[in-house]
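Trainee: Next comes the structure file entry.cif, holding mmCIF, N, CA and C atoms.
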data_start
#
loop_
_atom_site.label_atom_id
_atom_site.label_comp_id
_atom_site.auth_asym_id
_atom_site.auth_seq_id
_atom_site.Cartn_x
_atom_site.Cartn_y
_atom_site.Cartn_z
N MET A 1 0.84 -1.17 0.00
CA MET A 1 0.00 0.00 0.00
C MET A 1 0.89 1.24 0.00
N THR A 2 0.55 2.20 -0.80
CA THR A 2 1.29 3.45 -0.79
C THR A 2 0.90 4.26 0.45
N GLN A 3 1.80 5.09 0.89
CA GLN A 3 1.53 5.93 2.04
C GLN A 3 0.39 6.90 1.72
N PRO A 4 -0.57 7.03 2.63
CA PRO A 4 -1.65 7.99 2.41
C PRO A 4 -1.11 9.42 2.42
N THR A 5 -1.80 10.29 1.72
CA THR A 5 -1.39 11.70 1.65
C THR A 5 -2.28 12.56 2.55
N PHE A 6 -2.80 11.97 3.60
CA PHE A 6 -3.66 12.66 4.55
C PHE A 6 -3.33 12.14 5.93
N PRO A 7 -3.68 12.88 6.97
CA PRO A 7 -3.36 12.43 8.33
C PRO A 7 -4.09 11.13 8.67
N LEU A 8 -3.36 10.20 9.21
CA LEU A 8 -3.93 8.92 9.58
C LEU A 8 -3.16 8.38 10.76
N ASP A 9 -3.87 8.02 11.81
CA ASP A 9 -3.23 7.51 13.02
C ASP A 9 -3.73 6.10 13.27
N LEU A 10 -2.98 5.11 12.80
CA LEU A 10 -3.36 3.71 12.98
C LEU A 10 -2.35 3.02 13.87
N ASN A 11 -2.83 2.06 14.68
CA ASN A 11 -1.89 1.26 15.45
C ASN A 11 -1.33 0.15 14.56
N LYS A 12 -0.42 -0.66 15.08
CA LYS A 12 0.24 -1.69 14.27
C LYS A 12 -0.77 -2.69 13.70
N TRP A 13 -1.71 -3.14 14.51
CA TRP A 13 -2.70 -4.11 14.02
C TRP A 13 -3.49 -3.52 12.86
N GLU A 14 -3.96 -2.29 13.05
CA GLU A 14 -4.76 -1.64 12.01
C GLU A 14 -3.94 -1.46 10.72
N THR A 15 -2.69 -1.07 10.87
CA THR A 15 -1.82 -0.92 9.71
C THR A 15 -1.62 -2.26 9.00
N ASP A 16 -1.39 -3.32 9.76
CA ASP A 16 -1.20 -4.64 9.16
C ASP A 16 -2.47 -5.11 8.44
N VAL A 17 -3.63 -4.86 9.04
CA VAL A 17 -4.89 -5.24 8.39
C VAL A 17 -5.10 -4.43 7.12
N LEU A 18 -4.87 -3.14 7.18
CA LEU A 18 -5.03 -2.30 6.00
C LEU A 18 -4.10 -2.75 4.87
N ASN A 19 -2.86 -3.05 5.20
CA ASN A 19 -1.91 -3.52 4.19
C ASN A 19 -2.36 -4.85 3.58
N ALA A 20 -2.83 -5.77 4.41
CA ALA A 20 -3.28 -7.08 3.91
C ALA A 20 -4.51 -6.93 3.01
N GLU A 21 -5.46 -6.14 3.45
CA GLU A 21 -6.70 -5.98 2.69
C GLU A 21 -6.46 -5.28 1.36
N SER A 22 -5.54 -4.32 1.33
CA SER A 22 -5.29 -3.58 0.10
C SER A 22 -4.61 -4.43 -0.97
N LYS A 23 -4.10 -5.59 -0.57
CA LYS A 23 -3.45 -6.51 -1.52
C LYS A 23 -4.41 -7.57 -2.05
N ARG A 24 -5.64 -7.61 -1.56
CA ARG A 24 -6.60 -8.62 -2.02
C ARG A 24 -7.04 -8.32 -3.45
N ASN A 25 -7.35 -9.39 -4.18
CA ASN A 25 -7.86 -9.23 -5.54
C ASN A 25 -9.14 -8.41 -5.52
N GLY A 26 -9.24 -7.47 -6.43
CA GLY A 26 -10.45 -6.66 -6.57
C GLY A 26 -10.53 -5.47 -5.64
N PHE A 27 -9.54 -5.30 -4.76
CA PHE A 27 -9.56 -4.18 -3.80
C PHE A 27 -9.77 -2.86 -4.53
N LEU A 28 -10.70 -2.06 -4.04
CA LEU A 28 -10.97 -0.75 -4.62
C LEU A 28 -10.68 0.40 -3.65
N ALA A 29 -11.21 0.29 -2.43
CA ALA A 29 -11.13 1.42 -1.51
C ALA A 29 -11.37 0.95 -0.08
N TRP A 30 -11.14 1.85 0.86
CA TRP A 30 -11.39 1.53 2.27
C TRP A 30 -11.87 2.78 2.99
N TRP A 31 -12.52 2.53 4.12
CA TRP A 31 -13.03 3.59 4.98
C TRP A 31 -12.62 3.25 6.40
N ARG A 32 -11.93 4.18 7.06
CA ARG A 32 -11.61 4.02 8.48
C ARG A 32 -12.81 4.54 9.24
N ASN A 33 -13.59 3.62 9.76
CA ASN A 33 -14.81 3.98 10.47
C ASN A 33 -14.45 4.79 11.72
N PRO A 34 -15.03 5.97 11.89
CA PRO A 34 -14.73 6.75 13.09
C PRO A 34 -15.06 5.97 14.37
N ASP A 35 -14.24 6.13 15.38
CA ASP A 35 -14.45 5.40 16.63
C ASP A 35 -15.30 6.18 17.63
N ARG A 36 -15.94 7.21 17.15
CA ARG A 36 -16.80 8.02 18.03
C ARG A 36 -18.16 8.23 17.36
N ALA A 37 -19.08 8.73 18.11
CA ALA A 37 -20.45 8.92 17.62
C ALA A 37 -20.53 10.14 16.72
N VAL A 38 -20.40 9.92 15.44
CA VAL A 38 -20.62 10.96 14.43
C VAL A 38 -21.51 10.36 13.36
N LYS A 39 -22.19 11.19 12.61
CA LYS A 39 -23.16 10.68 11.65
C LYS A 39 -22.52 9.83 10.56
N GLU A 40 -21.21 9.98 10.34
CA GLU A 40 -20.53 9.22 9.31
C GLU A 40 -20.09 7.83 9.77
N SER A 41 -20.30 7.48 11.02
CA SER A 41 -19.80 6.19 11.51
C SER A 41 -20.87 5.10 11.42
N LEU A 42 -20.39 3.90 11.18
CA LEU A 42 -21.24 2.72 11.23
C LEU A 42 -21.18 2.20 12.66
N ALA A 43 -22.29 2.22 13.35
CA ALA A 43 -22.35 1.76 14.74
C ALA A 43 -23.26 0.54 14.83
N ILE A 44 -22.79 -0.46 15.55
CA ILE A 44 -23.54 -1.69 15.75
C ILE A 44 -23.86 -1.79 17.24
N ALA A 45 -25.13 -1.91 17.57
CA ALA A 45 -25.55 -1.96 18.97
C ALA A 45 -25.20 -3.33 19.58
N TYR A 46 -24.76 -3.28 20.84
CA TYR A 46 -24.53 -4.50 21.61
C TYR A 46 -24.72 -4.16 23.07
N THR A 47 -24.84 -5.18 23.91
CA THR A 47 -24.94 -4.95 25.34
C THR A 47 -23.65 -5.42 25.99
N ASP A 48 -23.18 -4.63 26.97
CA ASP A 48 -21.95 -4.99 27.67
C ASP A 48 -22.26 -5.97 28.80
N ALA A 49 -21.25 -6.29 29.58
CA ALA A 49 -21.40 -7.29 30.66
C ALA A 49 -22.45 -6.89 31.69
N SER A 50 -22.69 -5.57 31.86
CA SER A 50 -23.70 -5.12 32.81
C SER A 50 -25.05 -4.86 32.13
N HIS A 51 -25.18 -5.34 30.89
CA HIS A 51 -26.43 -5.25 30.11
C HIS A 51 -26.79 -3.81 29.72
N LYS A 52 -25.78 -2.95 29.63
CA LYS A 52 -26.01 -1.59 29.14
C LYS A 52 -25.74 -1.57 27.64
N TRP A 53 -26.54 -0.79 26.93
CA TRP A 53 -26.36 -0.68 25.49
C TRP A 53 -25.12 0.14 25.17
N LYS A 54 -24.33 -0.36 24.23
CA LYS A 54 -23.12 0.30 23.76
C LYS A 54 -23.12 0.25 22.23
N ALA A 55 -22.15 0.91 21.63
CA ALA A 55 -22.01 0.89 20.17
C ALA A 55 -20.62 0.38 19.79
N LEU A 56 -20.61 -0.63 18.97
CA LEU A 56 -19.38 -1.15 18.38
C LEU A 56 -19.21 -0.48 17.03
N ARG A 57 -18.05 0.05 16.78
CA ARG A 57 -17.76 0.67 15.49
C ARG A 57 -16.61 -0.10 14.85
N PRO A 58 -16.92 -1.04 13.94
CA PRO A 58 -15.85 -1.81 13.29
C PRO A 58 -14.82 -0.85 12.68
N ASP A 59 -13.56 -1.17 12.83
CA ASP A 59 -12.50 -0.26 12.38
C ASP A 59 -12.53 0.03 10.89
N PHE A 60 -12.78 -0.99 10.08
CA PHE A 60 -12.65 -0.80 8.64
C PHE A 60 -13.86 -1.29 7.86
N VAL A 61 -14.14 -0.54 6.80
CA VAL A 61 -15.08 -0.97 5.77
C VAL A 61 -14.26 -0.97 4.48
N PHE A 62 -14.19 -2.15 3.83
CA PHE A 62 -13.44 -2.28 2.59
C PHE A 62 -14.40 -2.51 1.44
N PHE A 63 -14.03 -1.99 0.29
CA PHE A 63 -14.82 -2.12 -0.92
C PHE A 63 -13.98 -2.83 -1.97
N ALA A 64 -14.60 -3.77 -2.67
CA ALA A 64 -13.88 -4.54 -3.69
C ALA A 64 -14.79 -4.79 -4.88
N GLN A 65 -14.17 -5.07 -6.00
CA GLN A 65 -14.93 -5.44 -7.19
C GLN A 65 -15.23 -6.93 -7.09
N GLY A 66 -16.51 -7.26 -7.01
CA GLY A 66 -16.94 -8.65 -6.99
C GLY A 66 -17.43 -9.06 -8.36
N GLN A 67 -17.89 -10.28 -8.50
CA GLN A 67 -18.37 -10.79 -9.78
C GLN A 67 -19.58 -10.03 -10.30
N SER A 68 -20.43 -9.56 -9.38
CA SER A 68 -21.66 -8.88 -9.78
C SER A 68 -21.66 -7.40 -9.44
N GLY A 69 -20.50 -6.84 -9.15
CA GLY A 69 -20.44 -5.44 -8.78
C GLY A 69 -19.59 -5.23 -7.54
N ILE A 70 -19.76 -4.10 -6.93
CA ILE A 70 -18.97 -3.76 -5.74
C ILE A 70 -19.52 -4.50 -4.52
N VAL A 71 -18.59 -5.08 -3.74
CA VAL A 71 -18.93 -5.78 -2.51
C VAL A 71 -18.29 -5.06 -1.33
N VAL A 72 -18.85 -5.29 -0.15
CA VAL A 72 -18.40 -4.59 1.05
C VAL A 72 -17.99 -5.61 2.12
N ASP A 73 -16.86 -5.35 2.76
CA ASP A 73 -16.34 -6.19 3.83
C ASP A 73 -16.19 -5.35 5.09
N LEU A 74 -16.60 -5.89 6.23
CA LEU A 74 -16.32 -5.28 7.54
C LEU A 74 -15.20 -6.08 8.18
N VAL A 75 -14.15 -5.41 8.59
CA VAL A 75 -13.03 -6.07 9.26
C VAL A 75 -12.70 -5.27 10.50
N ASP A 76 -12.72 -5.95 11.65
CA ASP A 76 -12.48 -5.26 12.91
C ASP A 76 -11.34 -5.90 13.68
N PRO A 77 -10.14 -5.30 13.65
CA PRO A 77 -9.08 -5.78 14.53
C PRO A 77 -9.37 -5.35 15.96
N HIS A 78 -9.39 -6.32 16.87
CA HIS A 78 -9.73 -6.00 18.25
C HIS A 78 -9.03 -7.00 19.17
N GLY A 79 -8.53 -6.54 20.26
CA GLY A 79 -7.80 -7.41 21.19
C GLY A 79 -8.71 -8.36 21.95
N HIS A 80 -8.38 -9.63 21.95
CA HIS A 80 -9.16 -10.63 22.70
C HIS A 80 -8.99 -10.45 24.19
N HIS A 81 -7.95 -9.75 24.60
CA HIS A 81 -7.66 -9.55 26.02
C HIS A 81 -8.48 -8.41 26.64
N LEU A 82 -9.14 -7.63 25.82
CA LEU A 82 -9.90 -6.49 26.33
C LEU A 82 -11.22 -6.94 26.95
N ALA A 83 -11.67 -6.23 27.96
CA ALA A 83 -12.88 -6.62 28.68
C ALA A 83 -14.12 -6.65 27.79
N ASP A 84 -14.12 -5.84 26.74
CA ASP A 84 -15.30 -5.80 25.86
C ASP A 84 -15.22 -6.76 24.68
N ALA A 85 -14.21 -7.63 24.65
CA ALA A 85 -14.01 -8.53 23.50
C ALA A 85 -15.23 -9.43 23.26
N MET A 86 -15.69 -10.13 24.26
CA MET A 86 -16.83 -11.04 24.05
C MET A 86 -18.13 -10.29 23.80
N PRO A 87 -18.46 -9.24 24.56
CA PRO A 87 -19.68 -8.51 24.23
C PRO A 87 -19.68 -7.95 22.81
N LYS A 88 -18.54 -7.45 22.36
CA LYS A 88 -18.47 -6.93 20.99
C LYS A 88 -18.60 -8.05 19.97
N LEU A 89 -17.97 -9.20 20.23
CA LEU A 89 -18.14 -10.33 19.32
C LEU A 89 -19.60 -10.77 19.25
N ARG A 90 -20.27 -10.78 20.39
CA ARG A 90 -21.70 -11.16 20.40
C ARG A 90 -22.53 -10.15 19.60
N GLY A 91 -22.24 -8.87 19.78
CA GLY A 91 -22.95 -7.86 19.02
C GLY A 91 -22.70 -7.98 17.53
N LEU A 92 -21.47 -8.25 17.16
CA LEU A 92 -21.13 -8.42 15.74
C LEU A 92 -21.80 -9.68 15.18
N ALA A 93 -21.88 -10.72 15.99
CA ALA A 93 -22.55 -11.96 15.55
C ALA A 93 -24.05 -11.71 15.34
N GLN A 94 -24.68 -10.99 16.26
CA GLN A 94 -26.10 -10.68 16.10
C GLN A 94 -26.34 -9.80 14.87
N PHE A 95 -25.48 -8.82 14.66
CA PHE A 95 -25.56 -7.96 13.48
C PHE A 95 -25.45 -8.80 12.21
N THR A 96 -24.52 -9.75 12.21
CA THR A 96 -24.31 -10.60 11.04
C THR A 96 -25.52 -11.46 10.76
N GLU A 97 -26.17 -11.96 11.80
CA GLU A 97 -27.37 -12.77 11.58
C GLU A 97 -28.47 -11.98 10.87
N VAL A 98 -28.57 -10.70 11.16
CA VAL A 98 -29.61 -9.87 10.56
C VAL A 98 -29.18 -9.27 9.23
N PHE A 99 -27.96 -8.75 9.17
CA PHE A 99 -27.53 -7.98 8.00
C PHE A 99 -26.39 -8.62 7.21
N GLY A 100 -26.00 -9.83 7.58
CA GLY A 100 -24.86 -10.49 6.94
C GLY A 100 -24.95 -10.61 5.44
N SER A 101 -26.15 -10.76 4.91
CA SER A 101 -26.30 -10.93 3.46
C SER A 101 -25.93 -9.66 2.69
N GLU A 102 -25.84 -8.53 3.38
CA GLU A 102 -25.48 -7.27 2.74
C GLU A 102 -23.97 -7.11 2.56
N PHE A 103 -23.19 -8.02 3.15
CA PHE A 103 -21.74 -7.92 3.15
C PHE A 103 -21.13 -9.20 2.59
N ARG A 104 -20.00 -9.05 1.92
CA ARG A 104 -19.28 -10.23 1.45
C ARG A 104 -18.60 -10.92 2.63
N ARG A 105 -17.95 -10.11 3.49
CA ARG A 105 -17.24 -10.65 4.64
C ARG A 105 -17.52 -9.78 5.85
N ILE A 106 -17.62 -10.42 7.01
CA ILE A 106 -17.64 -9.73 8.30
C ILE A 106 -16.69 -10.53 9.18
N GLU A 107 -15.57 -9.89 9.55
CA GLU A 107 -14.52 -10.63 10.25
C GLU A 107 -13.97 -9.83 11.42
N SER A 108 -13.56 -10.57 12.43
CA SER A 108 -12.89 -9.99 13.58
C SER A 108 -11.49 -10.59 13.64
N VAL A 109 -10.50 -9.72 13.79
CA VAL A 109 -9.09 -10.13 13.77
C VAL A 109 -8.46 -9.83 15.12
N ALA A 110 -7.66 -10.76 15.62
CA ALA A 110 -6.92 -10.54 16.86
C ALA A 110 -5.56 -11.21 16.75
N GLU A 111 -4.61 -10.69 17.51
CA GLU A 111 -3.30 -11.31 17.55
C GLU A 111 -3.24 -12.22 18.77
N THR A 112 -2.80 -13.44 18.56
CA THR A 112 -2.62 -14.38 19.66
C THR A 112 -1.42 -15.26 19.35
N ASN A 113 -0.59 -15.45 20.35
CA ASN A 113 0.62 -16.25 20.20
C ASN A 113 1.48 -15.79 19.02
N GLY A 114 1.54 -14.48 18.81
CA GLY A 114 2.39 -13.92 17.78
C GLY A 114 1.85 -14.01 16.36
N ALA A 115 0.59 -14.43 16.19
CA ALA A 115 0.00 -14.54 14.85
C ALA A 115 -1.36 -13.87 14.84
N TYR A 116 -1.71 -13.33 13.69
CA TYR A 116 -3.05 -12.78 13.52
C TYR A 116 -4.01 -13.90 13.17
N ARG A 117 -5.12 -13.94 13.90
CA ARG A 117 -6.14 -14.96 13.67
C ARG A 117 -7.45 -14.23 13.37
N VAL A 118 -8.29 -14.85 12.56
CA VAL A 118 -9.53 -14.22 12.13
C VAL A 118 -10.71 -15.14 12.40
N LEU A 119 -11.78 -14.54 12.89
CA LEU A 119 -13.07 -15.23 13.03
C LEU A 119 -13.98 -14.72 11.93
N ASP A 120 -14.50 -15.62 11.14
CA ASP A 120 -15.42 -15.30 10.04
C ASP A 120 -16.84 -15.34 10.59
N LEU A 121 -17.41 -14.18 10.85
CA LEU A 121 -18.73 -14.09 11.46
C LEU A 121 -19.85 -14.54 10.53
N LYS A 122 -19.56 -14.74 9.27
CA LYS A 122 -20.59 -15.22 8.34
C LYS A 122 -20.77 -16.74 8.46
N ARG A 123 -19.87 -17.40 9.17
CA ARG A 123 -19.99 -18.84 9.39
C ARG A 123 -20.91 -19.10 10.58
N ASP A 124 -21.92 -19.93 10.37
CA ASP A 124 -22.87 -20.26 11.43
C ASP A 124 -22.17 -20.82 12.67
N GLN A 125 -21.18 -21.71 12.47
CA GLN A 125 -20.49 -22.34 13.60
C GLN A 125 -19.77 -21.31 14.46
N VAL A 126 -19.22 -20.30 13.82
CA VAL A 126 -18.52 -19.25 14.57
C VAL A 126 -19.51 -18.46 15.42
N ARG A 127 -20.64 -18.06 14.81
CA ARG A 127 -21.64 -17.30 15.57
C ARG A 127 -22.20 -18.13 16.72
N GLU A 128 -22.43 -19.41 16.51
CA GLU A 128 -22.94 -20.27 17.59
C GLU A 128 -21.93 -20.38 18.72
N ALA A 129 -20.66 -20.52 18.39
CA ALA A 129 -19.62 -20.60 19.42
C ALA A 129 -19.52 -19.30 20.21
N ILE A 130 -19.66 -18.18 19.53
CA ILE A 130 -19.61 -16.88 20.20
C ILE A 130 -20.73 -16.76 21.23
N LYS A 131 -21.89 -17.31 20.93
CA LYS A 131 -23.03 -17.24 21.86
C LYS A 131 -22.75 -17.99 23.16
N THR A 132 -21.96 -19.05 23.10
CA THR A 132 -21.79 -19.92 24.27
C THR A 132 -20.42 -19.83 24.93
N THR A 133 -19.48 -19.14 24.31
CA THR A 133 -18.12 -19.07 24.83
C THR A 133 -17.94 -17.79 25.65
N HIS A 134 -17.13 -17.87 26.68
CA HIS A 134 -16.86 -16.71 27.52
C HIS A 134 -15.41 -16.23 27.40
N ASP A 135 -14.62 -16.91 26.58
CA ASP A 135 -13.20 -16.60 26.46
C ASP A 135 -12.87 -16.31 25.00
N ALA A 136 -12.68 -15.03 24.68
CA ALA A 136 -12.39 -14.64 23.29
C ALA A 136 -11.08 -15.25 22.81
N LYS A 137 -10.08 -15.30 23.67
CA LYS A 137 -8.79 -15.86 23.26
C LYS A 137 -8.96 -17.31 22.82
N ALA A 138 -9.76 -18.07 23.56
CA ALA A 138 -9.99 -19.47 23.19
C ALA A 138 -10.62 -19.58 21.80
N LEU A 139 -11.50 -18.66 21.46
CA LEU A 139 -12.11 -18.68 20.12
C LEU A 139 -11.06 -18.45 19.04
N TYR A 140 -10.21 -17.45 19.23
CA TYR A 140 -9.19 -17.14 18.23
C TYR A 140 -8.14 -18.25 18.12
N GLU A 141 -7.95 -19.01 19.19
CA GLU A 141 -6.97 -20.10 19.17
C GLU A 141 -7.59 -21.43 18.74
N SER A 142 -8.89 -21.46 18.54
CA SER A 142 -9.59 -22.70 18.18
C SER A 142 -9.57 -22.93 16.67
N ASP A 143 -10.10 -24.08 16.28
CA ASP A 143 -10.23 -24.41 14.86
C ASP A 143 -11.28 -23.55 14.16
N LEU A 144 -12.07 -22.81 14.91
CA LEU A 144 -13.06 -21.91 14.30
C LEU A 144 -12.39 -20.70 13.67
N ALA A 145 -11.20 -20.36 14.12
CA ALA A 145 -10.44 -19.24 13.56
C ALA A 145 -9.44 -19.77 12.56
N SER A 146 -9.00 -18.89 11.70
CA SER A 146 -7.93 -19.25 10.75
C SER A 146 -6.87 -18.16 10.77
N ASP A 147 -5.73 -18.47 10.17
CA ASP A 147 -4.67 -17.47 10.09
C ASP A 147 -5.12 -16.35 9.18
N TYR A 148 -4.82 -15.14 9.59
CA TYR A 148 -5.25 -13.97 8.82
C TYR A 148 -4.20 -13.54 7.80
N LEU A 149 -2.96 -13.39 8.21
CA LEU A 149 -1.92 -12.91 7.30
C LEU A 149 -1.09 -14.06 6.78
#
With the file now loaded, output its structure as structure tokens.
Mentor:
Amino acid sequence: MTQPTFPLDLNKWETDVLNAESKRNGFLAWWRNPDRAVKESLAIAYTDASHKWKALRPDFVFFAQGQSGIVVDLVDPHGHHLADAMPKLRGLAQFTEVFGSEFRRIESVAETNGAYRVLDLKRDQVREAIKTTHDAKALYESDLASDYL
């Protein structure tokens, strides 16, 4: 990926994801979803551990040329060690059940044991495991996840 000509503050995970996605076949463009409540952000509702409503804002929206036109991918790099990891995964899974057909891919990426691992939320087995699992790290280290990079 060429260096952007505008201000951009990404952490290492976000930079690695952006570089990987920009090399995919058909890649056209990307959007860094704002991490705050602004009208331009895509927010997905979820409930936290105390059952309060929160908003998950997936880090990236990618656009690619598909067989029948432009397709959209949501990719969210997020740490499995963070307290909100499982609630956000559950919210993303619920969103995928309702709106998944509107996207080519909906994925959550985390680094574990020195490797990036991805959960494909469009897979039924992944969403079912998210509903019953309490340990995000275990999900990323399981056979339900695959290597990302």
Trainee: Output the residue selection produced by the PyMOL selection byres ((chain A and resi 140) around 8) on the file above, formatted as a PyMOL selection string.
Mentor: chain A and resi 80+109-112+116-119+135-139+141-146
Trainee: So that I have them on file, write out the residues from the current selection with N, CA and C atoms, as a CSV table (one decimal), in the frame of the given file.
Mentor:
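The resulting again14.csv:
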chain,number,residue,atom,x,y,z
A,80,HIS,N,-8.4,-9.6,22.0
A,80,HIS,CA,-9.2,-10.6,22.7
A,80,HIS,C,-9.0,-10.4,24.2
A,109,VAL,N,-10.5,-9.7,13.8
A,109,VAL,CA,-9.1,-10.1,13.8
A,109,VAL,C,-8.5,-9.8,15.1
A,110,ALA,N,-7.7,-10.8,15.6
A,110,ALA,CA,-6.9,-10.5,16.9
A,110,ALA,C,-5.6,-11.2,16.8
A,111,GLU,N,-4.6,-10.7,17.5
A,111,GLU,CA,-3.3,-11.3,17.6
A,111,GLU,C,-3.2,-12.2,18.8
A,112,THR,N,-2.8,-13.4,18.6
A,112,THR,CA,-2.6,-14.4,19.7
A,112,THR,C,-1.4,-15.3,19.4
A,116,TYR,N,-1.7,-13.3,13.7
A,116,TYR,CA,-3.0,-12.8,13.5
A,116,TYR,C,-4.0,-13.9,13.2
A,117,ARG,N,-5.1,-13.9,13.9
A,117,ARG,CA,-6.1,-15.0,13.7
A,117,ARG,C,-7.4,-14.2,13.4
A,118,VAL,N,-8.3,-14.8,12.6
A,118,VAL,CA,-9.5,-14.2,12.1
A,118,VAL,C,-10.7,-15.1,12.4
A,119,LEU,N,-11.8,-14.5,12.9
A,119,LEU,CA,-13.1,-15.2,13.0
A,119,LEU,C,-14.0,-14.7,11.9
A,135,ASP,N,-14.6,-16.9,26.6
A,135,ASP,CA,-13.2,-16.6,26.5
A,135,ASP,C,-12.9,-16.3,25.0
A,136,ALA,N,-12.7,-15.0,24.7
A,136,ALA,CA,-12.4,-14.6,23.3
A,136,ALA,C,-11.1,-15.2,22.8
A,137,LYS,N,-10.1,-15.3,23.7
A,137,LYS,CA,-8.8,-15.9,23.3
A,137,LYS,C,-9.0,-17.3,22.8
A,138,ALA,N,-9.8,-18.1,23.6
A,138,ALA,CA,-10.0,-19.5,23.2
A,138,ALA,C,-10.6,-19.6,21.8
A,139,LEU,N,-11.5,-18.7,21.5
A,139,LEU,CA,-12.1,-18.7,20.1
A,139,LEU,C,-11.1,-18.4,19.0
A,141,GLU,N,-8.0,-19.0,19.2
A,141,GLU,CA,-7.0,-20.1,19.2
A,141,GLU,C,-7.6,-21.4,18.7
A,142,SER,N,-8.9,-21.5,18.5
A,142,SER,CA,-9.6,-22.7,18.2
A,142,SER,C,-9.6,-22.9,16.7
A,143,ASP,N,-10.1,-24.1,16.3
A,143,ASP,CA,-10.2,-24.4,14.9
A,143,ASP,C,-11.3,-23.6,14.2
A,144,LEU,N,-12.1,-22.8,14.9
A,144,LEU,CA,-13.1,-21.9,14.3
A,144,LEU,C,-12.4,-20.7,13.7
A,145,ALA,N,-11.2,-20.4,14.1
A,145,ALA,CA,-10.4,-19.2,13.6
A,145,ALA,C,-9.4,-19.8,12.6
A,146,SER,N,-9.0,-18.9,11.7
A,146,SER,CA,-7.9,-19.2,10.8
A,146,SER,C,-6.9,-18.2,10.8
Trainee: Which residue, A:Ile106, A:Leu149, A:Val98, A:Ala49, has the smallest gap to Val75 (chain A) when you use all atoms listed in the file?
Mentor: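 Checking each candidate against Val75 (chain A), we get A:Ile106 as the closest.
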Trainee: When DSSP is applied to the backbone of this structure, which of region 87-130 of chain A are assigned strand (DSSP E or B)? Write them out as a count of residues only.
Mentor: 14
Trainee: So, counting only C-alpha atoms, which residue among A:Leu74, A:Gln94, A:Asp147, A:Asn33 is closest to Leu10 (chain A)?
Mentor: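 Between A:Leu74, A:Gln94, A:Asp147, A:Asn33, the residue approaching Leu10 (chain A) most closely is A:Asn33.
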Trainee: Can you tell me which residues surround region 51-64 of chain A at a distance of at most 6.5 Å, considering only N, CA and C atoms, apart from same-chain residues fewer than 2 positions away, and format the answer as number ranges by chain?
Mentor: A: 25-35, 42-49, 66, 69-77, 88
Trainee: With distances taken over only C-alpha atoms, which residue among A:Leu121, A:Val38, A:Ala115, A:Leu18 lies nearest Leu92 (chain A)?
Mentor: A:Leu121
Trainee: Could you pull out the alpha helix (DSSP H) residues of region 1-137 of chain A from DSSP and send them as a VMD selection string?
Mentor: chain A and resid 12 to 22 85 to 99 124 to 132 136 to 137
Trainee: In Å to one decimal, how far is CA of Lys122 (chain A) from CA of Arg104 (chain A)?
Mentor: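 Going from CA of Arg104 (chain A) over to CA of Lys122 (chain A) covers 8.6 Å.
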Trainee: Using CA of Arg90 (chain A) and CA of Asp124 (chain A) as the two end points, give the distance in Å to one decimal.
Mentor: 12.8 Å
Trainee: With all atoms of region 135-139 of chain A from the file as input, state the centre and edge lengths in Å to one decimal of the axis-aligned box that has 6 Å extra on each side, as JSON.
Mentor:
{"center_x": -11.7, "center_y": -17.1, "center_z": 22.8, "size_x": 17.8, "size_y": 16.9, "size_z": 19.5}
Trainee: To one decimal place in Å, what is the distance between CA of Thr133 (chain A) and CA of Asp16 (chain A)?
Mentor: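 CA of Asp16 (chain A) lies at a distance of 27.2 Å from CA of Thr133 (chain A).
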Trainee: Counting only C-alpha atoms, figure out which residue out of A:Ala37, A:His81, A:Ser108, A:Glu128 gets nearest to Glu14 (chain A).
Mentor: A:Ser108
